[in-house]
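Asks: structure18.pdb (PDB, C-alpha atoms) pasted underneath:
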```
ATOM      1  CA  MET A   8      45.971-185.937 102.126
ATOM      2  CA  ASN A   9      46.453-189.564 101.102
ATOM      3  CA  ILE A  10      50.171-189.712 100.386
ATOM      4  CA  HIS A  11      50.061-192.856  98.259
ATOM      5  CA  ASP A  12      47.271-191.462  96.076
ATOM      6  CA  THR A  13      49.167-188.182  95.650
ATOM      7  CA  VAL A  14      52.326-189.991  94.547
ATOM      8  CA  GLU A  15      50.359-192.072  92.049
ATOM      9  CA  ALA A  16      48.530-188.986  90.729
ATOM     10  CA  GLN A  17      51.841-187.211  90.198
ATOM     11  CA  ARG A  18      53.320-190.220  88.461
ATOM     12  CA  ALA A  19      50.316-190.372  86.123
ATOM     13  CA  PHE A  20      50.515-186.620  85.453
ATOM     14  CA  PHE A  21      54.213-186.831  84.588
ATOM     15  CA  ARG A  22      53.548-189.659  82.150
ATOM     16  CA  THR A  23      51.177-187.412  80.174
ATOM     17  CA  GLY A  24      54.223-185.353  79.162
ATOM     18  CA  ALA A  25      52.624-182.123  80.391
ATOM     19  CA  THR A  26      55.766-181.027  82.274
ATOM     20  CA  LEU A  27      58.161-181.565  79.366
ATOM     21  CA  PRO A  28      57.626-178.421  77.237
ATOM     22  CA  VAL A  29      60.007-175.651  78.271
ATOM     23  CA  ALA A  30      57.226-173.086  77.962
ATOM     24  CA  PHE A  31      55.208-174.991  80.582
ATOM     25  CA  ARG A  32      58.138-175.040  83.002
ATOM     26  CA  VAL A  33      58.922-171.336  82.576
ATOM     27  CA  ALA A  34      55.275-170.392  83.048
ATOM     28  CA  ALA A  35      55.183-172.408  86.292
ATOM     29  CA  LEU A  36      58.348-170.704  87.553
ATOM     30  CA  LYS A  37      56.941-167.266  86.743
ATOM     31  CA  LYS A  38      53.710-168.046  88.563
ATOM     32  CA  LEU A  39      55.607-169.136  91.661
ATOM     33  CA  ARG A  40      57.865-166.070  91.524
ATOM     34  CA  ASP A  41      54.938-163.666  91.155
ATOM     35  CA  THR A  42      53.049-165.311  94.020
ATOM     36  CA  ILE A  43      56.065-165.029  96.311
ATOM     37  CA  ARG A  44      56.525-161.369  95.407
ATOM     38  CA  ALA A  45      52.879-160.673  96.216
ATOM     39  CA  ARG A  46      53.212-162.262  99.666
ATOM     40  CA  GLU A  47      56.632-161.083 100.792
ATOM     41  CA  ASP A  48      55.155-159.469 103.917
ATOM     42  CA  ASP A  49      53.388-162.716 104.861
ATOM     43  CA  ILE A  50      56.600-164.691 104.373
ATOM     44  CA  ALA A  51      58.522-162.266 106.605
ATOM     45  CA  ALA A  52      55.807-162.503 109.275
ATOM     46  CA  ALA A  53      55.936-166.316 109.233
ATOM     47  CA  LEU A  54      59.735-166.345 109.515
ATOM     48  CA  ARG A  55      59.540-163.868 112.382
ATOM     49  CA  GLN A  56      57.026-166.079 114.164
ATOM     50  CA  ASP A  57      59.058-169.266 113.695
ATOM     51  CA  LEU A  58      62.625-168.000 114.062
ATOM     52  CA  GLY A  59      62.521-164.374 115.206
ATOM     53  CA  LYS A  60      64.076-163.125 111.966
ATOM     54  CA  SER A  61      63.911-159.445 111.097
ATOM     55  CA  ASP A  62      62.372-158.418 107.781
ATOM     56  CA  TYR A  63      65.842-157.538 106.486
ATOM     57  CA  GLU A  64      67.324-160.913 107.387
ATOM     58  CA  SER A  65      64.288-162.754 106.021
ATOM     59  CA  TYR A  66      64.723-161.107 102.637
ATOM     60  CA  MET A  67      68.530-161.234 102.588
ATOM     61  CA  CYS A  68      68.808-164.905 103.619
ATOM     62  CA  GLU A  69      65.590-166.466 102.337
ATOM     63  CA  THR A  70      63.039-164.660 100.180
ATOM     64  CA  GLY A  71      65.535-162.693  98.115
ATOM     65  CA  LEU A  72      67.697-165.733  97.428
ATOM     66  CA  ALA A  73      64.645-167.811  96.468
ATOM     67  CA  LEU A  74      63.500-165.109  94.048
ATOM     68  CA  SER A  75      67.011-164.944  92.614
ATOM     69  CA  GLU A  76      66.991-168.704  91.970
ATOM     70  CA  LEU A  77      63.586-168.488  90.305
ATOM     71  CA  SER A  78      64.727-165.606  88.091
ATOM     72  CA  HIS A  79      67.866-167.522  87.127
ATOM     73  CA  MET A  80      65.866-170.580  86.133
ATOM     74  CA  ILE A  81      63.297-168.534  84.224
ATOM     75  CA  ARG A  82      66.124-166.996  82.216
ATOM     76  CA  HIS A  83      68.255-170.097  81.676
ATOM     77  CA  THR A  84      65.864-173.094  81.543
ATOM     78  CA  PRO A  85      65.533-172.899  77.724
ATOM     79  CA  ARG A  86      69.318-173.219  77.439
ATOM     80  CA  TYR A  87      69.600-175.921  80.104
ATOM     81  CA  ALA A  88      66.921-178.030  78.407
ATOM     82  CA  ARG A  89      68.345-177.635  74.908
ATOM     83  CA  GLN A  90      69.697-180.597  72.998
ATOM     84  CA  GLN A  91      73.501-180.481  72.847
ATOM     85  CA  ARG A  92      75.499-181.846  69.941
ATOM     86  CA  VAL A  93      78.481-184.037  70.913
ATOM     87  CA  HIS A  94      81.300-185.672  68.964
ATOM     88  CA  THR A  95      80.407-188.774  66.955
ATOM     89  CA  PRO A  96      83.057-191.549  66.990
ATOM     90  CA  LEU A  97      84.478-192.518  63.605
ATOM     91  CA  ALA A  98      83.005-196.019  63.962
ATOM     92  CA  GLN A  99      79.525-194.409  63.889
ATOM     93  CA  PHE A 100      80.275-192.284  60.829
ATOM     94  CA  ALA A 101      77.218-190.618  59.310
ATOM     95  CA  ALA A 102      75.380-190.786  62.621
ATOM     96  CA  ARG A 103      74.451-187.709  64.654
ATOM     97  CA  SER A 104      75.244-187.716  68.371
ATOM     98  CA  TYR A 105      73.699-185.464  70.983
ATOM     99  CA  ARG A 106      73.031-185.130  74.695
ATOM    100  CA  GLN A 107      69.428-184.478  75.729
ATOM    101  CA  PRO A 108      68.719-183.399  79.333
ATOM    102  CA  THR A 109      65.591-185.148  80.622
ATOM    103  CA  PRO A 110      63.682-184.932  83.925
ATOM    104  CA  TYR A 111      63.776-187.673  86.533
ATOM    105  CA  GLY A 112      59.998-187.729  87.018
ATOM    106  CA  ASN A 113      58.389-187.653  90.445
ATOM    107  CA  THR A 114      60.587-186.010  93.091
ATOM    108  CA  LEU A 115      60.426-185.704  96.883
ATOM    109  CA  ILE A 116      61.844-182.592  98.582
ATOM    110  CA  LEU A 117      62.412-182.703 102.366
ATOM    111  CA  SER A 118      63.413-179.326 103.812
ATOM    112  CA  PRO A 119      64.730-178.218 107.233
ATOM    113  CA  TRP A 120      63.602-175.739 109.869
ATOM    114  CA  ASN A 121      66.556-173.345 109.934
ATOM    115  CA  TYR A 122      66.043-171.851 106.454
ATOM    116  CA  PRO A 123      62.487-173.115 105.994
ATOM    117  CA  PHE A 124      61.510-170.936 103.043
ATOM    118  CA  LEU A 125      64.748-170.798 101.061
ATOM    119  CA  LEU A 126      65.567-174.500 101.350
ATOM    120  CA  THR A 127      62.054-175.424 100.260
ATOM    121  CA  ILE A 128      61.658-173.058  97.323
ATOM    122  CA  ASP A 129      65.203-173.348  95.907
ATOM    123  CA  PRO A 130      65.113-177.111  95.220
ATOM    124  CA  LEU A 131      61.482-176.822  94.108
ATOM    125  CA  ALA A 132      62.444-174.176  91.541
ATOM    126  CA  ASP A 133      65.141-176.485  90.178
ATOM    127  CA  ALA A 134      62.779-179.481  90.111
ATOM    128  CA  ILE A 135      60.188-177.484  88.164
ATOM    129  CA  ALA A 136      62.812-176.099  85.773
ATOM    130  CA  ALA A 137      64.011-179.639  85.058
ATOM    131  CA  GLY A 138      60.475-180.788  84.187
ATOM    132  CA  ASN A 139      59.660-182.867  87.258
ATOM    133  CA  THR A 140      56.654-183.132  89.505
ATOM    134  CA  ALA A 141      57.319-182.622  93.210
ATOM    135  CA  ILE A 142      56.048-183.502  96.640
ATOM    136  CA  VAL A 143      57.343-181.002  99.190
ATOM    137  CA  LYS A 144      57.644-181.792 102.900
ATOM    138  CA  PRO A 145      58.609-178.740 104.993
ATOM    139  CA  SER A 146      59.728-179.091 108.585
ATOM    140  CA  ALA A 147      57.305-179.480 111.489
ATOM    141  CA  TYR A 148      59.635-177.263 113.564
ATOM    142  CA  SER A 149      58.803-174.161 111.500
ATOM    143  CA  PRO A 150      54.990-174.469 111.441
ATOM    144  CA  ALA A 151      54.058-170.928 110.392
ATOM    145  CA  THR A 152      56.405-170.980 107.403
ATOM    146  CA  SER A 153      55.380-174.531 106.490
ATOM    147  CA  GLN A 154      51.722-173.527 106.466
ATOM    148  CA  LEU A 155      52.474-170.481 104.341
ATOM    149  CA  VAL A 156      54.478-172.588 101.871
ATOM    150  CA  LYS A 157      51.525-174.944 101.648
ATOM    151  CA  GLU A 158      49.177-172.052 100.852
ATOM    152  CA  LEU A 159      51.554-170.541  98.290
ATOM    153  CA  ILE A 160      52.039-173.761  96.396
ATOM    154  CA  ALA A 161      48.325-174.617  96.488
ATOM    155  CA  ASP A 162      47.646-171.193  94.959
ATOM    156  CA  CYS A 163      50.115-171.908  92.152
ATOM    157  CA  PHE A 164      49.808-175.579  91.230
ATOM    158  CA  PRO A 165      47.409-178.519  91.254
ATOM    159  CA  PRO A 166      48.479-181.321  93.639
ATOM    160  CA  GLU A 167      49.125-183.745  90.787
ATOM    161  CA  TYR A 168      51.938-181.367  89.735
ATOM    162  CA  VAL A 169      53.271-179.946  93.024
ATOM    163  CA  ALA A 170      51.891-180.936  96.435
ATOM    164  CA  VAL A 171      52.820-180.066 100.006
ATOM    165  CA  VAL A 172      52.618-182.531 102.883
ATOM    166  CA  THR A 173      52.860-181.084 106.392
ATOM    167  CA  GLY A 174      53.290-182.931 109.674
ATOM    168  CA  GLY A 175      56.001-184.674 111.637
ATOM    169  CA  ARG A 176      57.705-188.050 111.849
ATOM    170  CA  ALA A 177      54.629-190.079 110.897
ATOM    171  CA  GLU A 178      54.278-188.150 107.643
ATOM    172  CA  ASN A 179      58.022-188.406 106.961
ATOM    173  CA  THR A 180      57.845-192.171 107.414
ATOM    174  CA  ALA A 181      54.804-192.476 105.154
ATOM    175  CA  LEU A 182      56.493-190.381 102.466
ATOM    176  CA  LEU A 183      59.689-192.444 102.554
ATOM    177  CA  ASP A 184      57.683-195.643 102.182
ATOM    178  CA  GLU A 185      56.723-194.522  98.672
ATOM    179  CA  LYS A 186      58.784-194.837  95.478
ATOM    180  CA  TYR A 187      60.153-191.702  93.809
ATOM    181  CA  ASP A 188      62.497-190.986  90.946
ATOM    182  CA  LEU A 189      64.671-188.625  93.025
ATOM    183  CA  ILE A 190      64.809-187.591  96.695
ATOM    184  CA  PHE A 191      66.322-184.262  97.771
ATOM    185  CA  PHE A 192      66.924-183.940 101.513
ATOM    186  CA  THR A 193      68.372-181.115 103.595
ATOM    187  CA  GLY A 194      68.852-181.759 107.305
ATOM    188  CA  SER A 195      70.833-183.605 109.936
ATOM    189  CA  GLN A 196      73.251-186.455 109.350
ATOM    190  CA  SER A 197      71.182-188.846 111.458
ATOM    191  CA  VAL A 198      68.003-188.295 109.466
ATOM    192  CA  GLY A 199      70.016-188.239 106.245
ATOM    193  CA  LYS A 200      71.140-191.812 106.973
ATOM    194  CA  THR A 201      67.500-192.876 107.284
ATOM    195  CA  VAL A 202      66.585-191.136 104.033
ATOM    196  CA  LEU A 203      69.480-192.762 102.167
ATOM    197  CA  ARG A 204      68.665-196.169 103.660
ATOM    198  CA  LYS A 205      65.050-195.926 102.445
ATOM    199  CA  ALA A 206      66.154-194.655  99.043
ATOM    200  CA  ALA A 207      68.578-197.562  98.669
ATOM    201  CA  GLU A 208      65.757-200.081  99.138
ATOM    202  CA  THR A 209      64.222-198.937  95.834
ATOM    203  CA  LEU A 210      67.477-197.827  94.153
ATOM    204  CA  THR A 211      66.232-194.237  94.165
ATOM    205  CA  PRO A 212      68.806-191.503  93.465
ATOM    206  CA  ALA A 213      69.146-189.172  96.448
ATOM    207  CA  VAL A 214      70.801-185.808  97.028
ATOM    208  CA  LEU A 215      71.692-185.090 100.666
ATOM    209  CA  GLU A 216      72.728-181.700 102.010
ATOM    210  CA  LEU A 217      73.676-182.496 105.600
ATOM    211  CA  GLY A 218      74.482-180.215 108.507
ATOM    212  CA  GLY A 219      77.660-180.434 110.514
ATOM    213  CA  LYS A 220      80.448-178.453 112.122
ATOM    214  CA  ARG A 221      81.508-175.131 110.639
ATOM    215  CA  PRO A 222      85.135-174.667 111.611
ATOM    216  CA  CYS A 223      86.853-171.323 111.280
ATOM    217  CA  ILE A 224      90.626-171.027 111.152
ATOM    218  CA  VAL A 225      92.345-167.665 111.575
ATOM    219  CA  ASP A 226      96.074-167.692 110.766
ATOM    220  CA  ASP A 227      98.776-165.055 111.012
ATOM    221  CA  THR A 228      98.016-163.656 107.546
ATOM    222  CA  ALA A 229      94.518-162.500 108.593
ATOM    223  CA  LYS A 230      93.438-158.933 109.245
ATOM    224  CA  ILE A 231      92.149-159.561 112.759
ATOM    225  CA  ALA A 232      89.518-156.819 112.947
ATOM    226  CA  ARG A 233      87.997-157.820 109.611
ATOM    227  CA  ALA A 234      88.141-161.531 110.489
ATOM    228  CA  ALA A 235      86.443-160.864 113.823
ATOM    229  CA  ARG A 236      83.575-158.963 112.191
ATOM    230  CA  ARG A 237      83.026-161.740 109.652
ATOM    231  CA  ILE A 238      83.123-164.456 112.294
ATOM    232  CA  VAL A 239      80.519-162.617 114.380
ATOM    233  CA  VAL A 240      78.235-162.227 111.351
ATOM    234  CA  GLY A 241      78.644-165.911 110.497
ATOM    235  CA  LYS A 242      77.931-167.049 114.044
ATOM    236  CA  PHE A 243      74.924-164.829 114.700
ATOM    237  CA  LEU A 244      73.265-164.844 111.282
ATOM    238  CA  ASN A 245      70.039-166.868 111.383
TER     239      ASN A 245
END
```
Could you rewrite the structure in this file as structure tokens?
Replies:
Amino acid sequence: MNIHDTVEAQRAFFRTGATLPVAFRVAALKKLRDTIRAREDDIAAALRQDLGKSDYESYMCETGLALSELSHMIRHTPRYARQQRVHTPLAQFAARSYRQPTPYGNTLILSPWNYPFLLTIDPLADAIAAGNTAIVKPSAYSPATSQLVKELIADCFPPEYVAVVTGGRAENTALLDEKYDLIFFTGSQSVGKTVLRKAAETLTPAVLELGGKRPCIVDDTAKIARAARRIVVGKFLN
């Protein structure tokens, strides 16, 4: 895939206005949801291959949550996209004031290896619901899931609407050399600094969800047995 050509094709597609109608967005979300439902076993197999997850954990922590996000957006996108009346200042008497949510345009989604399905599909669902196009880059460290995501999205959407780029650092570098309207990154702090640095060069808005320490404090008000069970679940989940 030629990354530059894909970005330009998505930018041209967005400018046609095809992604703006709410009915178009909801139909896209439903298609993605139905495709995921049809391939739940394949998703579980890919997550087992990459991360050793059981079918139960795969559904509880990834597939089920992704389907929940899609269902939420299918139900609420018409309300989220609706024009909202706001107060008109007295100085603009006789005018009508409103707030109109509008999409950014062409978005880039960079997802991590530890929740490779959930943290790819969740931001993609939100990007679609908001009326954007999207280029998705799953992690090279979860190759089976990344390949499955690529197949799923290719089955659902043309590349000028939603495209998947697989690969490693070379592909990440090539992607970040392009101009987007929004970048959404989930991953480490070190890579997040690189993403934000590249985004700043073109004044591109960026959302970073960065990993870090997860401290746990147990004080003298805690029920120790219950706290211990919850700590063990938190430490060994995923």
Asks: Given the point (67.9, -191.3, 101.4) in the coordinates of this file, which residues lie within 12 Å, counting only C-alpha atoms, and how would they look as a short mmCIF file (atom, residue, chain, number, x, y, z; two decimals) with C-alpha atoms, keeping the file's coordinate frame?
Replies:
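Resulting contents of part-v1.cif:
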```
data_model
loop_
_atom_site.label_atom_id
_atom_site.label_comp_id
_atom_site.auth_asym_id
_atom_site.auth_seq_id
_atom_site.Cartn_x
_atom_site.Cartn_y
_atom_site.Cartn_z
CA LEU A 115 60.43 -185.70 96.88
CA ILE A 116 61.84 -182.59 98.58
CA LEU A 117 62.41 -182.70 102.37
CA ASN A 179 58.02 -188.41 106.96
CA THR A 180 57.84 -192.17 107.41
CA LEU A 182 56.49 -190.38 102.47
CA LEU A 183 59.69 -192.44 102.55
CA ASP A 184 57.68 -195.64 102.18
CA GLU A 185 56.72 -194.52 98.67
CA LYS A 186 58.78 -194.84 95.48
CA TYR A 187 60.15 -191.70 93.81
CA ASP A 188 62.50 -190.99 90.95
CA LEU A 189 64.67 -188.62 93.02
CA ILE A 190 64.81 -187.59 96.70
CA PHE A 191 66.32 -184.26 97.77
CA PHE A 192 66.92 -183.94 101.51
CA THR A 193 68.37 -181.12 103.60
CA GLY A 194 68.85 -181.76 107.30
CA SER A 195 70.83 -183.60 109.94
CA GLN A 196 73.25 -186.46 109.35
CA SER A 197 71.18 -188.85 111.46
CA VAL A 198 68.00 -188.30 109.47
CA GLY A 199 70.02 -188.24 106.24
CA LYS A 200 71.14 -191.81 106.97
CA THR A 201 67.50 -192.88 107.28
CA VAL A 202 66.58 -191.14 104.03
CA LEU A 203 69.48 -192.76 102.17
CA ARG A 204 68.67 -196.17 103.66
CA LYS A 205 65.05 -195.93 102.44
CA ALA A 206 66.15 -194.66 99.04
CA ALA A 207 68.58 -197.56 98.67
CA GLU A 208 65.76 -200.08 99.14
CA THR A 209 64.22 -198.94 95.83
CA LEU A 210 67.48 -197.83 94.15
CA THR A 211 66.23 -194.24 94.16
CA PRO A 212 68.81 -191.50 93.46
CA ALA A 213 69.15 -189.17 96.45
CA VAL A 214 70.80 -185.81 97.03
CA LEU A 215 71.69 -185.09 100.67
CA GLU A 216 72.73 -181.70 102.01
CA LEU A 217 73.68 -182.50 105.60
#
```
Asks: Applying the PyMOL selection byres ((chain A and resi 87) around 12) to the file I just gave you, which residues come out? Please list them as a list in words.
Replies: Val29, Arg32, Val33, His79, Met80, Ile81, Arg82, His83, Thr84, Pro85, Arg86, Ala88, Arg89, Gln90, Gln91, Arg106, Gln107, Pro108, Thr109, Pro110, Asp133, Ala136, Ala137 and Gly138 of chain A
Asks: Which value, in Å to one decimal, gives the distance between atom CA of A:Ala181 and atom CA of A:Ala132?
Replies: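 Separation between atom CA of A:Ala181 and atom CA of A:Ala132: 24.1 Å.
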Asks: Using the chain letters and numbers from this file, what does the PyMOL selection byres ((chain A and resi 13) around 12) select? Give the answer as a PyMOL selection string.
Replies: chain A and resi 8-12+14-20+113-115+140-143+165-172+181-182+185-187
Asks: Mind pulling up the distance from atom CA of A:Ala177 to atom CA of A:Asn121?
Replies: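 The value is 20.6 Å.
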Asks: Once the PyMOL selection byres ((chain A and resi 46-48) around 10) has been evaluated on this model, what residues remain selected, and can you format them as JSON, numbers by chain?
Replies: {"A": [41, 42, 43, 44, 45, 49, 50, 51, 52, 53, 54, 62, 65, 66, 70, 71, 155, 159]}
Asks: Could you jot down the atom CA of A:Pro150 to atom CA of A:Glu69 separation for me, Å, one decimal place?
Replies: 16.1 Å
Asks: Starting from 8 Å padding per side, set up an axis-aligned box that covers all listed atoms of stretch 196-208 of chain A and hand over centre and edge lengths in Å, one decimal, as lines of an AutoDock Vina configuration file.
Replies:
```
center_x = 69.2
center_y = -193.3
center_z = 105.1
size_x = 24.2
size_y = 29.6
size_z = 28.8
```
Asks: For A:Thr127, which residue among A:Arg103, A:Arg221, A:Lys157, A:Lys37 is the nearest when counting all atoms listed in the file?
Replies: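 Closest to A:Thr127, using all atoms listed in the file: A:Lys157.
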Asks: Between A:Leu244, A:Val239, A:Leu72, A:Leu126, which is the closest to A:Lys60 once you count only C-alpha atoms?
Replies: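 With only C-alpha atoms as the atom set, the closest residue is A:Leu244.
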